[in-house]
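Below is work_32.csv, holding CSV, C-alpha atoms.
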```csv
chain,number,residue,atom,x,y,z
U,226,MET,CA,-21.3,-38.4,-18.5
U,227,ILE,CA,-19.6,-35.2,-19.8
U,228,THR,CA,-22.2,-32.9,-21.3
U,229,VAL,CA,-21.8,-30.1,-23.8
U,230,LEU,CA,-22.6,-27.6,-21.1
U,231,GLY,CA,-19.9,-29.1,-18.9
U,232,ILE,CA,-17.3,-28.8,-21.7
U,233,ILE,CA,-18.4,-25.1,-22.3
U,234,VAL,CA,-18.1,-24.3,-18.5
U,235,GLY,CA,-14.7,-26.0,-18.3
U,236,LEU,CA,-13.4,-24.1,-21.3
U,237,TRP,CA,-14.7,-20.9,-19.9
U,238,LEU,CA,-13.1,-21.5,-16.5
U,239,LEU,CA,-9.8,-22.4,-18.2
U,240,THR,CA,-9.8,-19.4,-20.5
U,241,TYR,CA,-11.4,-16.7,-18.4
U,242,GLY,CA,-12.2,-17.6,-14.8
U,243,ILE,CA,-9.0,-19.2,-13.5
U,244,PRO,CA,-6.6,-16.8,-15.3
U,245,ASP,CA,-8.5,-13.8,-14.0
U,246,LEU,CA,-8.4,-15.2,-10.4
U,247,LEU,CA,-4.6,-15.8,-10.7
U,248,TRP,CA,-3.5,-12.6,-12.5
U,249,HIS,CA,-6.1,-10.1,-11.6
U,250,HIS,CA,-7.1,-11.0,-8.0
U,251,ALA,CA,-3.9,-12.7,-6.8
U,252,GLN,CA,-1.8,-10.4,-9.1
U,253,TRP,CA,0.5,-13.3,-9.8
U,254,GLY,CA,3.3,-12.1,-12.1
U,255,GLY,CA,2.1,-8.5,-11.9
U,256,PHE,CA,4.3,-5.5,-11.0
U,257,GLN,CA,4.8,-4.7,-7.3
U,258,GLY,CA,7.5,-2.4,-5.9
U,259,THR,CA,9.9,-3.5,-3.2
U,260,ARG,CA,9.2,-2.4,0.3
U,261,ASP,CA,12.8,-1.2,0.6
U,262,SER,CA,12.1,1.6,-1.9
U,263,HIS,CA,11.1,5.1,-0.8
U,264,ARG,CA,8.9,5.4,-3.9
U,265,ILE,CA,5.2,5.0,-4.7
U,266,ALA,CA,3.7,4.8,-8.1
U,267,LEU,CA,0.8,7.1,-9.1
U,268,THR,CA,-0.9,5.6,-12.1
U,269,PHE,CA,-3.9,7.0,-14.2
U,270,ASP,CA,-6.3,5.0,-16.4
U,271,ASP,CA,-8.8,5.6,-19.2
U,272,GLY,CA,-7.2,8.7,-20.7
U,273,PRO,CA,-6.2,10.9,-22.2
U,274,GLY,CA,-9.3,13.0,-21.6
U,275,ALA,CA,-10.5,16.5,-21.0
U,276,ASP,CA,-9.1,16.6,-17.5
U,277,SER,CA,-5.7,15.1,-18.3
U,278,PRO,CA,-4.1,18.6,-18.7
U,279,ALA,CA,-5.3,19.6,-15.2
U,280,ILE,CA,-3.9,16.4,-13.7
U,281,LEU,CA,-0.6,17.1,-15.5
U,282,ASP,CA,-0.6,20.6,-14.1
U,283,ALA,CA,-1.1,19.2,-10.5
U,284,LEU,CA,1.8,16.8,-11.0
U,285,MET,CA,4.0,19.5,-12.3
U,286,GLU,CA,3.1,21.7,-9.4
U,287,PHE,CA,4.8,19.2,-7.0
U,288,GLY,CA,7.5,18.1,-9.4
U,289,VAL,CA,6.5,14.4,-9.4
U,290,CYS,CA,6.0,11.9,-12.2
U,291,ALA,CA,3.3,9.3,-12.9
U,292,THR,CA,2.5,6.5,-15.3
U,293,PHE,CA,-0.6,6.9,-17.6
U,294,PHE,CA,-2.3,3.8,-19.1
U,295,LEU,CA,-3.8,5.0,-22.3
U,296,VAL,CA,-6.9,3.9,-24.3
U,297,LEU,CA,-5.8,4.0,-27.9
U,298,ASP,CA,-9.1,5.3,-29.3
U,299,HIS,CA,-8.7,8.3,-26.9
U,300,ALA,CA,-4.9,8.7,-27.4
U,301,GLU,CA,-5.3,9.0,-31.1
U,302,ARG,CA,-7.8,11.8,-30.7
U,303,HIS,CA,-5.5,13.6,-28.3
U,304,PRO,CA,-1.9,13.1,-29.5
U,305,ASP,CA,-0.9,16.5,-28.1
U,306,ILE,CA,-1.7,15.4,-24.6
U,307,VAL,CA,0.3,12.2,-25.0
U,308,GLN,CA,3.3,14.2,-26.2
U,309,ARG,CA,2.9,16.5,-23.2
U,310,MET,CA,2.9,13.5,-20.9
U,311,ILE,CA,6.2,12.2,-22.4
U,312,GLN,CA,7.8,15.6,-22.6
U,313,GLU,CA,7.2,16.2,-18.9
U,314,GLY,CA,8.8,13.0,-17.9
U,315,HIS,CA,5.8,10.8,-17.4
U,316,GLY,CA,5.5,7.2,-18.5
U,317,VAL,CA,2.8,5.8,-20.8
U,318,GLY,CA,1.5,2.2,-20.8
U,319,LEU,CA,-1.2,0.3,-22.7
U,320,HIS,CA,-4.8,0.2,-21.3
U,321,GLY,CA,-6.3,-1.3,-24.5
U,322,VAL,CA,-7.6,-0.2,-27.9
U,323,GLN,CA,-11.0,0.4,-26.3
U,324,HIS,CA,-12.0,0.3,-22.7
U,325,ARG,CA,-13.4,-3.2,-22.9
U,326,SER,CA,-13.2,-6.1,-20.4
U,327,MET,CA,-11.4,-9.2,-21.5
U,328,TYR,CA,-14.5,-11.1,-20.4
U,329,LEU,CA,-16.3,-9.5,-23.4
U,330,LEU,CA,-13.6,-10.4,-26.0
U,331,SER,CA,-13.1,-13.6,-27.8
U,332,PRO,CA,-9.6,-15.2,-27.6
U,333,TRP,CA,-8.7,-13.7,-31.0
U,334,GLY,CA,-10.1,-10.4,-30.0
U,335,SER,CA,-8.0,-10.4,-26.8
U,336,TRP,CA,-4.9,-11.1,-28.7
U,337,ARG,CA,-5.6,-8.4,-31.3
U,338,ALA,CA,-6.4,-5.8,-28.6
U,339,ILE,CA,-3.0,-6.2,-27.1
U,340,ARG,CA,-1.0,-6.7,-30.3
U,341,ASP,CA,-2.6,-3.8,-32.2
U,342,GLY,CA,-2.6,-1.6,-29.0
U,343,VAL,CA,1.2,-2.0,-28.7
U,344,ARG,CA,1.8,-1.0,-32.3
U,345,ARG,CA,-0.6,1.9,-32.3
U,346,LEU,CA,0.8,3.3,-29.0
U,347,GLN,CA,4.3,3.0,-30.3
U,348,ALA,CA,3.3,5.0,-33.3
U,349,ILE,CA,1.9,7.8,-31.1
U,350,SER,CA,4.5,7.9,-28.3
U,351,GLY,CA,7.6,7.0,-30.3
U,352,SER,CA,8.6,4.1,-28.1
U,353,ARG,CA,7.4,0.6,-27.4
U,354,PRO,CA,5.3,0.3,-24.2
U,355,VAL,CA,6.5,-2.1,-21.5
U,356,TYR,CA,3.6,-2.0,-19.1
U,357,TYR,CA,0.0,-3.1,-19.6
U,358,ARG,CA,-3.0,-2.7,-17.4
U,359,PRO,CA,-6.2,-4.5,-18.5
U,360,PRO,CA,-9.5,-2.6,-18.2
U,361,TRP,CA,-11.0,-3.4,-14.8
U,362,GLY,CA,-7.9,-5.6,-14.2
U,363,HIS,CA,-9.6,-8.4,-16.1
U,364,MET,CA,-7.3,-11.0,-17.6
U,365,ASN,CA,-7.8,-14.2,-19.6
U,366,LEU,CA,-5.5,-16.9,-20.8
U,367,VAL,CA,-4.9,-15.4,-24.2
U,368,SER,CA,-4.3,-11.8,-22.9
U,369,TRP,CA,-1.7,-13.3,-20.5
U,370,TRP,CA,0.0,-15.1,-23.4
U,371,ALA,CA,-0.2,-11.9,-25.6
U,372,CYS,CA,1.5,-10.0,-22.8
U,373,ARG,CA,4.4,-12.5,-22.8
U,374,HIS,CA,4.6,-12.4,-26.5
U,375,GLU,CA,4.7,-8.6,-26.6
U,376,LYS,CA,7.1,-8.5,-23.6
U,377,LEU,CA,4.6,-6.5,-21.5
U,378,THR,CA,4.6,-6.5,-17.7
U,379,PRO,CA,1.0,-6.5,-16.3
U,380,VAL,CA,0.4,-3.8,-13.7
U,381,PHE,CA,-2.5,-4.0,-11.4
U,382,TRP,CA,-2.7,-1.9,-8.2
U,383,THR,CA,-2.2,-1.9,-4.4
U,384,ILE,CA,-4.4,1.1,-3.6
U,385,ALA,CA,-7.7,1.8,-5.4
U,386,PRO,CA,-9.5,4.9,-3.9
U,387,ASN,CA,-12.3,4.6,-6.5
U,388,ASP,CA,-12.0,8.2,-7.6
U,389,TRP,CA,-14.5,7.4,-10.4
U,390,ASP,CA,-17.3,7.1,-7.8
U,391,THR,CA,-19.2,10.4,-7.7
U,392,ARG,CA,-20.1,9.8,-4.1
U,393,ARG,CA,-16.5,10.2,-3.0
U,394,ASP,CA,-15.0,13.7,-2.6
U,395,ALA,CA,-11.4,14.8,-2.9
U,396,GLN,CA,-10.7,14.6,0.8
U,397,GLN,CA,-11.9,11.0,0.9
U,398,ILE,CA,-9.9,10.0,-2.1
U,399,ALA,CA,-6.7,11.6,-0.7
U,400,ASN,CA,-7.3,10.0,2.8
U,401,HIS,CA,-7.7,6.6,1.2
U,402,VAL,CA,-4.4,6.9,-0.7
U,403,THR,CA,-2.3,8.3,2.2
U,404,GLN,CA,-3.7,5.9,4.8
U,405,LEU,CA,-2.9,2.8,2.7
U,406,ALA,CA,0.4,4.2,1.3
U,407,LEU,CA,3.3,1.8,1.5
U,408,PRO,CA,6.8,1.8,-0.1
U,409,GLY,CA,6.5,0.3,-3.6
U,410,ALA,CA,2.7,0.6,-3.7
U,411,VAL,CA,0.8,1.2,-6.9
U,412,VAL,CA,-2.1,3.7,-6.8
U,413,VAL,CA,-4.8,3.6,-9.5
U,414,LEU,CA,-6.5,6.8,-10.4
U,415,HIS,CA,-8.2,8.1,-13.5
U,416,ASP,CA,-7.8,11.0,-15.9
U,417,ALA,CA,-10.8,10.3,-18.0
U,418,GLY,CA,-14.2,8.6,-18.0
U,419,GLY,CA,-16.1,11.4,-16.2
U,420,ASP,CA,-15.5,14.6,-14.3
U,421,ARG,CA,-12.0,14.2,-12.8
U,422,GLN,CA,-11.8,17.5,-10.9
U,423,ARG,CA,-12.1,15.8,-7.6
U,424,THR,CA,-9.1,13.6,-8.7
U,425,VAL,CA,-7.1,16.8,-9.4
U,426,ASP,CA,-8.1,18.2,-6.0
U,427,ALA,CA,-7.3,15.0,-4.3
U,428,LEU,CA,-3.7,15.0,-5.7
U,429,LYS,CA,-3.1,18.4,-4.2
U,430,VAL,CA,-3.9,17.0,-0.8
U,431,ALA,CA,-2.4,13.6,-1.1
U,432,ILE,CA,1.0,14.4,-2.7
U,433,PRO,CA,2.2,16.7,0.2
U,434,LYS,CA,1.2,14.0,2.7
U,435,LEU,CA,3.0,11.3,0.7
U,436,LEU,CA,6.1,13.4,0.7
U,437,LYS,CA,5.8,13.9,4.4
U,438,LEU,CA,5.7,10.1,4.8
U,439,ASN,CA,9.0,10.0,2.8
U,440,LEU,CA,7.2,8.4,-0.2
U,441,MET,CA,8.2,10.0,-3.5
U,442,PRO,CA,5.8,9.5,-6.4
U,443,ALA,CA,7.8,8.0,-9.2
U,444,LEU,CA,7.6,6.2,-12.5
U,445,LEU,CA,7.0,2.4,-12.4
U,446,SER,CA,10.3,2.0,-14.3
U,447,ASP,CA,12.1,3.8,-11.4
U,448,ILE,CA,10.8,1.5,-8.7
U,449,PRO,CA,12.6,-1.8,-8.1
U,450,ARG,CA,10.3,-4.8,-8.3
U,451,GLU,CA,9.6,-7.0,-5.3
U,452,THR,CA,11.2,-10.4,-5.8
U,453,SER,CA,9.9,-12.1,-2.6
U,454,GLU,CA,6.5,-13.8,-3.1
U,455,TRP,CA,6.0,-13.9,0.6
U,456,ARG,CA,6.4,-10.1,0.9
U,457,ARG,CA,4.0,-9.7,-2.1
U,458,ILE,CA,1.4,-11.8,-0.3
U,459,TRP,CA,2.0,-9.9,3.0
U,460,THR,CA,1.6,-6.6,1.3
U,461,TRP,CA,-1.8,-7.8,-0.1
U,462,TRP,CA,-2.8,-8.7,3.5
U,463,GLU,CA,-1.4,-5.6,5.1
U,464,THR,CA,-3.2,-3.2,2.8
U,465,ARG,CA,-6.5,-4.9,3.6
U,466,PHE,CA,-5.7,-5.0,7.3
U,467,THR,CA,-4.9,-1.3,7.3
U,468,LYS,CA,-8.2,-0.5,5.7
U,469,ALA,CA,-10.3,-2.8,7.8
U,470,TRP,CA,-8.8,-1.7,11.1
U,471,ASP,CA,-8.4,1.9,10.2
U,472,VAL,CA,-4.7,2.1,10.9
U,473,ASP,CA,-2.8,5.4,10.4
U,474,THR,CA,0.9,5.9,9.6
U,475,VAL,CA,2.5,8.5,11.8
U,476,ALA,CA,4.8,10.7,9.8
U,477,SER,CA,8.2,11.3,11.3
U,478,SER,CA,8.9,15.0,12.2
U,479,LEU,CA,12.6,14.3,11.8
U,480,GLY,CA,12.2,13.0,8.2
U,481,GLY,CA,12.9,9.5,6.9
U,482,ASP,CA,10.8,6.4,7.1
U,483,PRO,CA,7.8,6.4,9.4
U,484,ILE,CA,8.5,4.1,12.3
U,485,LEU,CA,5.2,3.8,14.0
U,486,ARG,CA,1.6,3.2,13.0
U,487,LEU,CA,-1.6,3.6,15.1
U,488,GLY,CA,-4.9,1.9,15.2
U,489,ARG,CA,-7.8,2.6,17.5
U,490,GLN,CA,-8.8,-0.6,19.3
U,491,VAL,CA,-10.9,-1.9,22.3
U,492,TYR,CA,-8.7,-3.2,25.1
U,493,ARG,CA,-9.5,-6.7,26.1
U,494,GLY,CA,-7.9,-7.9,29.3
U,495,PRO,CA,-7.6,-7.5,33.1
U,496,SER,CA,-7.5,-4.0,34.6
U,497,VAL,CA,-4.1,-2.4,34.6
U,498,ARG,CA,-3.0,0.2,37.1
U,499,PHE,CA,-0.2,2.5,36.0
U,500,GLY,CA,2.4,4.0,38.3
U,501,ASN,CA,0.7,7.5,38.0
U,502,GLY,CA,-2.5,6.0,39.4
U,503,CYS,CA,-4.4,5.8,36.0
U,504,VAL,CA,-6.3,2.6,35.4
U,505,LEU,CA,-7.0,0.9,32.1
U,506,SER,CA,-10.1,-1.3,32.3
U,507,ASP,CA,-11.6,-4.0,30.0
U,508,LYS,CA,-13.4,-2.4,27.0
U,509,ASP,CA,-11.6,0.9,27.3
U,510,MET,CA,-10.2,2.3,24.0
U,511,ILE,CA,-6.5,2.2,23.4
U,512,ALA,CA,-4.3,3.5,20.6
U,513,GLU,CA,-2.6,0.3,19.4
U,514,ILE,CA,0.9,0.8,18.1
U,515,HIS,CA,2.4,-1.1,15.1
U,516,PHE,CA,5.8,-1.0,13.5
U,517,GLY,CA,6.0,0.2,9.9
U,518,ASN,CA,7.3,-3.0,8.2
U,519,ALA,CA,9.5,-1.1,5.8
U,520,ALA,CA,11.3,0.5,8.8
U,521,LEU,CA,11.4,-2.9,10.5
U,522,ALA,CA,13.2,-4.4,7.5
U,523,GLN,CA,15.7,-1.6,7.5
U,524,LEU,CA,16.3,-1.9,11.3
U,525,SER,CA,16.9,-5.7,11.0
U,526,LYS,CA,19.9,-5.4,8.6
U,527,THR,CA,22.5,-5.1,11.4
U,528,ALA,CA,23.2,-6.9,14.7
U,529,THR,CA,22.2,-3.8,16.6
U,530,GLY,CA,18.7,-3.8,15.2
U,531,GLY,CA,17.1,-4.0,18.7
U,532,LEU,CA,19.0,-1.0,19.9
U,533,ARG,CA,18.2,0.9,16.8
U,534,ALA,CA,14.5,0.0,17.2
U,535,PHE,CA,14.7,1.4,20.7
U,536,HIS,CA,16.0,4.7,19.5
U,537,ALA,CA,13.5,4.8,16.6
U,538,VAL,CA,10.6,4.3,19.0
U,539,LEU,CA,12.0,7.0,21.2
U,540,ARG,CA,12.1,9.5,18.3
U,541,GLY,CA,8.7,8.4,17.1
U,542,LEU,CA,6.8,8.7,20.4
U,543,THR,CA,6.8,12.5,20.2
U,544,ASP,CA,5.0,12.3,16.9
U,545,VAL,CA,2.6,9.7,18.3
U,546,ALA,CA,1.8,11.9,21.2
U,547,GLU,CA,0.8,14.8,18.9
U,548,VAL,CA,-1.6,12.5,17.1
U,549,VAL,CA,-3.1,10.8,20.1
U,550,ILE,CA,-3.6,14.0,22.1
U,551,ASN,CA,-4.7,16.3,19.3
U,552,ASP,CA,-6.4,14.1,16.7
U,553,PRO,CA,-10.2,13.9,17.4
U,554,LYS,CA,-10.1,10.3,16.2
U,555,TYR,CA,-8.2,9.3,19.4
U,556,HIS,CA,-10.0,11.6,21.8
U,557,ASP,CA,-11.3,8.7,23.9
U,558,VAL,CA,-8.3,6.4,24.1
U,559,GLN,CA,-7.1,5.8,27.6
U,560,ALA,CA,-3.7,4.3,26.8
U,561,LEU,CA,-1.1,3.5,24.1
U,562,GLY,CA,0.1,0.0,23.7
U,563,GLY,CA,1.3,-2.9,21.5
U,564,ILE,CA,2.6,-6.4,21.6
U,565,THR,CA,6.2,-7.1,20.6
U,566,LEU,CA,9.0,-9.7,20.3
U,567,LEU,CA,11.7,-7.2,19.6
U,568,ASP,CA,15.1,-7.4,21.4
U,569,ALA,CA,14.4,-4.0,22.8
U,570,SER,CA,11.2,-5.0,24.7
U,571,THR,CA,12.9,-4.6,28.1
U,572,ALA,CA,14.6,-1.4,27.2
U,573,ILE,CA,11.4,0.1,25.9
U,574,GLU,CA,10.0,0.0,29.5
U,575,LYS,CA,12.4,2.8,30.2
U,576,LEU,CA,10.4,4.9,27.7
U,577,GLY,CA,7.4,4.9,30.1
U,578,PHE,CA,5.7,1.6,29.1
U,579,LEU,CA,4.4,-0.9,31.6
U,580,ARG,CA,5.3,-4.5,30.8
U,581,VAL,CA,2.2,-6.7,30.9
U,582,PRO,CA,2.3,-10.5,30.3
U,583,VAL,CA,0.2,-11.9,27.4
U,584,ARG,CA,-1.6,-15.2,28.2
U,585,GLY,CA,-3.9,-17.8,26.7
U,586,TRP,CA,-4.8,-18.1,23.0
U,587,LYS,CA,-3.7,-14.5,22.4
U,588,LYS,CA,-0.2,-15.3,23.5
U,589,TRP,CA,0.3,-18.1,21.0
U,590,SER,CA,-1.6,-16.5,18.2
U,591,MET,CA,0.5,-13.3,18.5
U,592,TRP,CA,3.7,-15.4,18.8
U,593,VAL,CA,2.9,-17.1,15.5
U,594,TYR,CA,1.9,-13.8,13.9
U,595,LEU,CA,4.9,-11.8,15.0
U,596,THR,CA,7.4,-14.6,14.3
U,597,TRP,CA,6.0,-15.0,10.8
U,598,LEU,CA,6.2,-11.2,10.3
U,599,MET,CA,9.8,-11.1,11.4
U,600,THR,CA,10.6,-14.1,9.2
U,601,ILE,CA,9.3,-12.2,6.2
U,602,TYR,CA,10.9,-8.8,6.9
U,603,HIS,CA,14.0,-9.6,8.9
U,604,ALA,CA,17.2,-9.5,7.0
U,605,ASP,CA,18.1,-13.0,8.1
U,606,GLY,CA,14.8,-14.4,6.8
U,607,TRP,CA,14.0,-18.0,8.0
U,608,HIS,CA,17.0,-18.0,10.3
U,609,THR,CA,15.0,-15.7,12.7
U,610,TRP,CA,12.9,-18.7,13.7
U,611,ARG,CA,15.8,-19.8,16.0
U,612,ARG,CA,16.1,-16.3,17.4
U,613,PHE,CA,12.4,-15.9,18.2
U,614,PHE,CA,11.5,-19.5,19.1
U,615,LYS,CA,12.2,-19.0,22.8
U,616,ARG,CA,10.8,-15.5,23.0
U,617,GLN,CA,7.4,-14.7,24.5
U,618,PRO,CA,5.1,-11.9,23.3
U,619,VAL,CA,5.0,-9.0,25.7
U,620,SER,CA,2.3,-6.3,25.9
U,621,LEU,CA,3.7,-2.8,26.5
U,622,LEU,CA,1.2,-0.2,27.8
U,623,MET,CA,1.4,3.5,28.6
U,624,SER,CA,-1.3,5.7,30.0
U,625,ARG,CA,-2.6,8.6,28.0
U,626,GLN,CA,-1.5,10.9,30.8
U,627,GLU,CA,2.1,9.5,30.8
U,628,LEU,CA,2.3,9.9,27.1
U,629,GLN,CA,1.2,13.5,27.3
U,630,THR,CA,3.6,14.3,30.2
U,631,ARG,CA,6.6,12.6,28.7
U,632,TYR,CA,6.3,13.3,24.9
U,633,LEU,CA,3.9,16.1,24.0
U,634,HIS,CA,5.8,19.1,22.6
U,635,GLN,CA,9.1,17.4,23.1
U,636,HIS,CA,10.2,17.8,19.4
```
Could the structure of this file be written out as structure tokens, please?
Amino acid sequence: MITVLGIIVGLWLLTYGIPDLLWHHAQWGGFQGTRDSHRIALTFDDGPGADSPAILDALMEFGVCATFFLVLDHAERHPDIVQRMIQEGHGVGLHGVQHRSMYLLSPWGSWRAIRDGVRRLQAISGSRPVYYRPPWGHMNLVSWWACRHEKLTPVFWTIAPNDWDTRRDAQQIANHVTQLALPGAVVVLHDAGGDRQRTVDALKVAIPKLLKLNLMPALLSDIPRETSEWRRIWTWWETRFTKAWDVDTVASSLGGDPILRLGRQVYRGPSVRFGNGCVLSDKDMIAEIHFGNAALAQLSKTATGGLRAFHAVLRGLTDVAEVVINDPKYHDVQALGGITLLDASTAIEKLGFLRVPVRGWKKWSMWVYLTWLMTIYHADGWHTWRRFFKRQPVSLLMSRQELQTRYLHQH
């Protein structure tokens, strides 16, 4: 028998729980930039505040633009800061009339917060906002409908370095941003709600690193939206994989998109003897090599993608050598390696890699993983299943000594 409590719980789930799961956590319908872009969005919440001018100064120092999501109660107290944001080329979006979770608002209160916020922000800025970020990312059924009615695009985030946490210093914030940085990513930072000096300091570290990774901070309106739901889902997974496995993107010393990424992993497998006499044993540390998926997508657009991948890896190995040999994080790795299905797998052996068969469950799990990855990012999409169906994963390994001899200081 349906009880009053059951009806209340059902209505709450329909109005608050399920919508927040879909739009906040799954970010369904929210903004995400395409991986084919060379841009990344820096966004700031909760302002304007006392530290907003310092953040604007830091952005001006590097000549980059950002998008500020404003709380109207704050913006109306600091219209001069809002005007400075606009005059310096930054975007402004709605963050709410007050910084209040949609869980704490009634359906009518949710509607009014967005409707009134749009009109009040338009009065301050002189133009109607097109982007909306709910406080804490919380959405409910009515706030979603209000966004559609007001023609607002919800914006959540790809990277959240928690700069509001007083336990995090500027270096930790900057490292979080640059490690997870991907083309089209949205970074959420804050320009109010506490002392934001560490955010200012973090920007001065992070922006040069982003530029070195060929990622230009840009307005949301200048970044093309991702239209593939599969890529959106994979980006969600890849960001979490990068953080969980502590993967680093290796900047290209020649400019352009980074080709290679590195993670520090424990080698699991039979002992491998390299041609120079070095031995890799089970449980030794290796630097595991990954392709940057944005670069992979670009390389796959022509029939010569395998050859281009070969030359891209050749160029990137000098940068990898600098990181593996000189970065303390990789001081104990005994080899560099990775698993691939790419056309250039045989040619890559000429770069100094030893070809090692992959067997057992790892072989088939990696075949599924890599084939699925190529399906998502390859220019031919689902047609790649035919191409990769008969291929076998191959592990390519190079000793630390070989990497140093061949590639260190070879720029």
May I have the residues within 8 Å of region 379-386 of chain U as a PyMOL selection string, using all atoms listed in the file and disregarding those fewer than 5 positions away in the same chain? chain U and resi 249+252+254-257+356-359+362+372+398-399+401-402+405-406+410-414+461+464
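Considering all atoms listed in the file, the residue among U:His374, U:Arg493, U:Arg345, U:Lys588 positioned nearest to Val619 (chain U) is U:Lys588.
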Each residue of region 312-421 of chain U with at least one atom at most 8 Å from region 282-290 of chain U should appear once, together with its nearest atom pair and the corresponding distance in Å (one decimal); atoms considered: only C-alpha atoms; ordering: chain, then increasing residue number; output as a tab-separated table.
```
residue	atom	partner	partner_atom	distance
U:Gly314	CA	U:Cys290	CA	6.4
U:His315	CA	U:Cys290	CA	5.3
U:Gly316	CA	U:Cys290	CA	7.9
```
Measuring atom to atom with only C-alpha atoms, identify which of U:His250, U:Lys376, U:Arg344, U:Arg421 is nearest to Asp271 (chain U). U:Arg421
Please report the interatomic distance between CA of Pro495 (chain U) and CA of Ala537 (chain U) in Å with one decimal. 29.5 Å
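When all atoms listed in the file are used to compute distances to Leu628 (chain U), the closest of the residues U:Thr543, U:Gln404, U:Ser262, U:Gln312 turns out to be U:Thr543.
The coordinates place CA of Val583 (chain U) at 17.8 Å from CA of Val504 (chain U).
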Got a sec: who's within 12 Å of Thr259 (chain U), counting only C-alpha atoms, leaving out chain neighbours fewer than 6 positions off, as a list in words? Ile265, Ala266, Leu407, Pro408, Gly409, Ala410, Val411, Leu445, Asp447, Ile448, Pro449, Arg450, Glu451, Thr452, Ser453, Glu454, Trp455, Arg456, Arg457, Trp459, Thr460, Asn518, Ala519, Ala522 and Tyr602 of chain U
Give me, please, the distance in Å between CA of Val549 (chain U) and CA of Met591 (chain U), quoted to one decimal. 24.4 Å
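Counting all atoms listed in the file, region 505-509 of chain U has the following residues at most 6 Å away, ignoring those fewer than 4 positions along the same chain: U:Val491, U:Tyr492, U:Arg493, U:Gly494, U:Ser496, U:Val497.
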Write the selection just made, keeping C-alpha atoms, as a short mmCIF file (atom, residue, chain, number, x, y, z; two decimals), in the coordinates of the input?
```cif
data_model
loop_
_atom_site.label_atom_id
_atom_site.label_comp_id
_atom_site.auth_asym_id
_atom_site.auth_seq_id
_atom_site.Cartn_x
_atom_site.Cartn_y
_atom_site.Cartn_z
CA VAL U 491 -10.90 -1.90 22.30
CA TYR U 492 -8.70 -3.20 25.10
CA ARG U 493 -9.50 -6.70 26.10
CA GLY U 494 -7.90 -7.90 29.30
CA SER U 496 -7.50 -4.00 34.60
CA VAL U 497 -4.10 -2.40 34.60
#
```
Residues within 8 Å of His324 (chain U), please, as a compact mmCIF listing (two decimals) with C-alpha atoms, in the coordinates of the input. Count only C-alpha atoms; anything in the same chain fewer than 3 positions from it doesn't count.
```txt
# COMPACT_ATOMS: atom_id res chain seq x y z
CA ASP U 271 -8.80 5.60 -19.20
CA VAL U 296 -6.90 3.90 -24.30
CA HIS U 320 -4.80 0.20 -21.30
CA GLY U 321 -6.30 -1.30 -24.50
CA PRO U 360 -9.50 -2.60 -18.20
```
Kindly indicate which residue among U:Ala279, U:Gly563, U:Gly480, U:Leu598 lies nearest to Trp462 (chain U), using all atoms listed in the file for the distances. U:Leu598
Pro618 (chain U) environment, 10 Å, all atoms listed in the file, sequence neighbours closer than 5 positions dropped, as an MDAnalysis selection string: chainID U and resid 563:567 570 581:584 587:593 595:596 613
Take the residues from that selection and put them in a file with C-alpha atoms, as a PDB file, in the frame of the given file.
```pdb
ATOM      1  CA  GLY U 563       1.300  -2.900  21.500  1.00  0.00           C
ATOM      2  CA  ILE U 564       2.600  -6.400  21.600  1.00  0.00           C
ATOM      3  CA  THR U 565       6.200  -7.100  20.600  1.00  0.00           C
ATOM      4  CA  LEU U 566       9.000  -9.700  20.300  1.00  0.00           C
ATOM      5  CA  LEU U 567      11.700  -7.200  19.600  1.00  0.00           C
ATOM      6  CA  SER U 570      11.200  -5.000  24.700  1.00  0.00           C
ATOM      7  CA  VAL U 581       2.200  -6.700  30.900  1.00  0.00           C
ATOM      8  CA  PRO U 582       2.300 -10.500  30.300  1.00  0.00           C
ATOM      9  CA  VAL U 583       0.200 -11.900  27.400  1.00  0.00           C
ATOM     10  CA  ARG U 584      -1.600 -15.200  28.200  1.00  0.00           C
ATOM     11  CA  LYS U 587      -3.700 -14.500  22.400  1.00  0.00           C
ATOM     12  CA  LYS U 588      -0.200 -15.300  23.500  1.00  0.00           C
ATOM     13  CA  TRP U 589       0.300 -18.100  21.000  1.00  0.00           C
ATOM     14  CA  SER U 590      -1.600 -16.500  18.200  1.00  0.00           C
ATOM     15  CA  MET U 591       0.500 -13.300  18.500  1.00  0.00           C
ATOM     16  CA  TRP U 592       3.700 -15.400  18.800  1.00  0.00           C
ATOM     17  CA  VAL U 593       2.900 -17.100  15.500  1.00  0.00           C
ATOM     18  CA  LEU U 595       4.900 -11.800  15.000  1.00  0.00           C
ATOM     19  CA  THR U 596       7.400 -14.600  14.300  1.00  0.00           C
ATOM     20  CA  PHE U 613      12.400 -15.900  18.200  1.00  0.00           C
TER      21      PHE U 613
END
```
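When only C-alpha atoms are used to compute distances to Pro304 (chain U), the closest of the residues U:Pro273, U:Gly500, U:Pro244, U:Gly231 turns out to be U:Pro273.
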Using only C-alpha atoms, which of U:Ala338, U:Ala476, U:Val425, U:Leu319 sits nearest Leu440 (chain U)? U:Ala476
Using all atoms listed in the file, find all polymer residues with an atom at most 12 Å away from the point (3.1, 13.9, -25.8); report them as an NGL selection string. :U and (273 or 277-278 or 281 or 293 or 295 or 300-301 or 303-317 or 346-352)
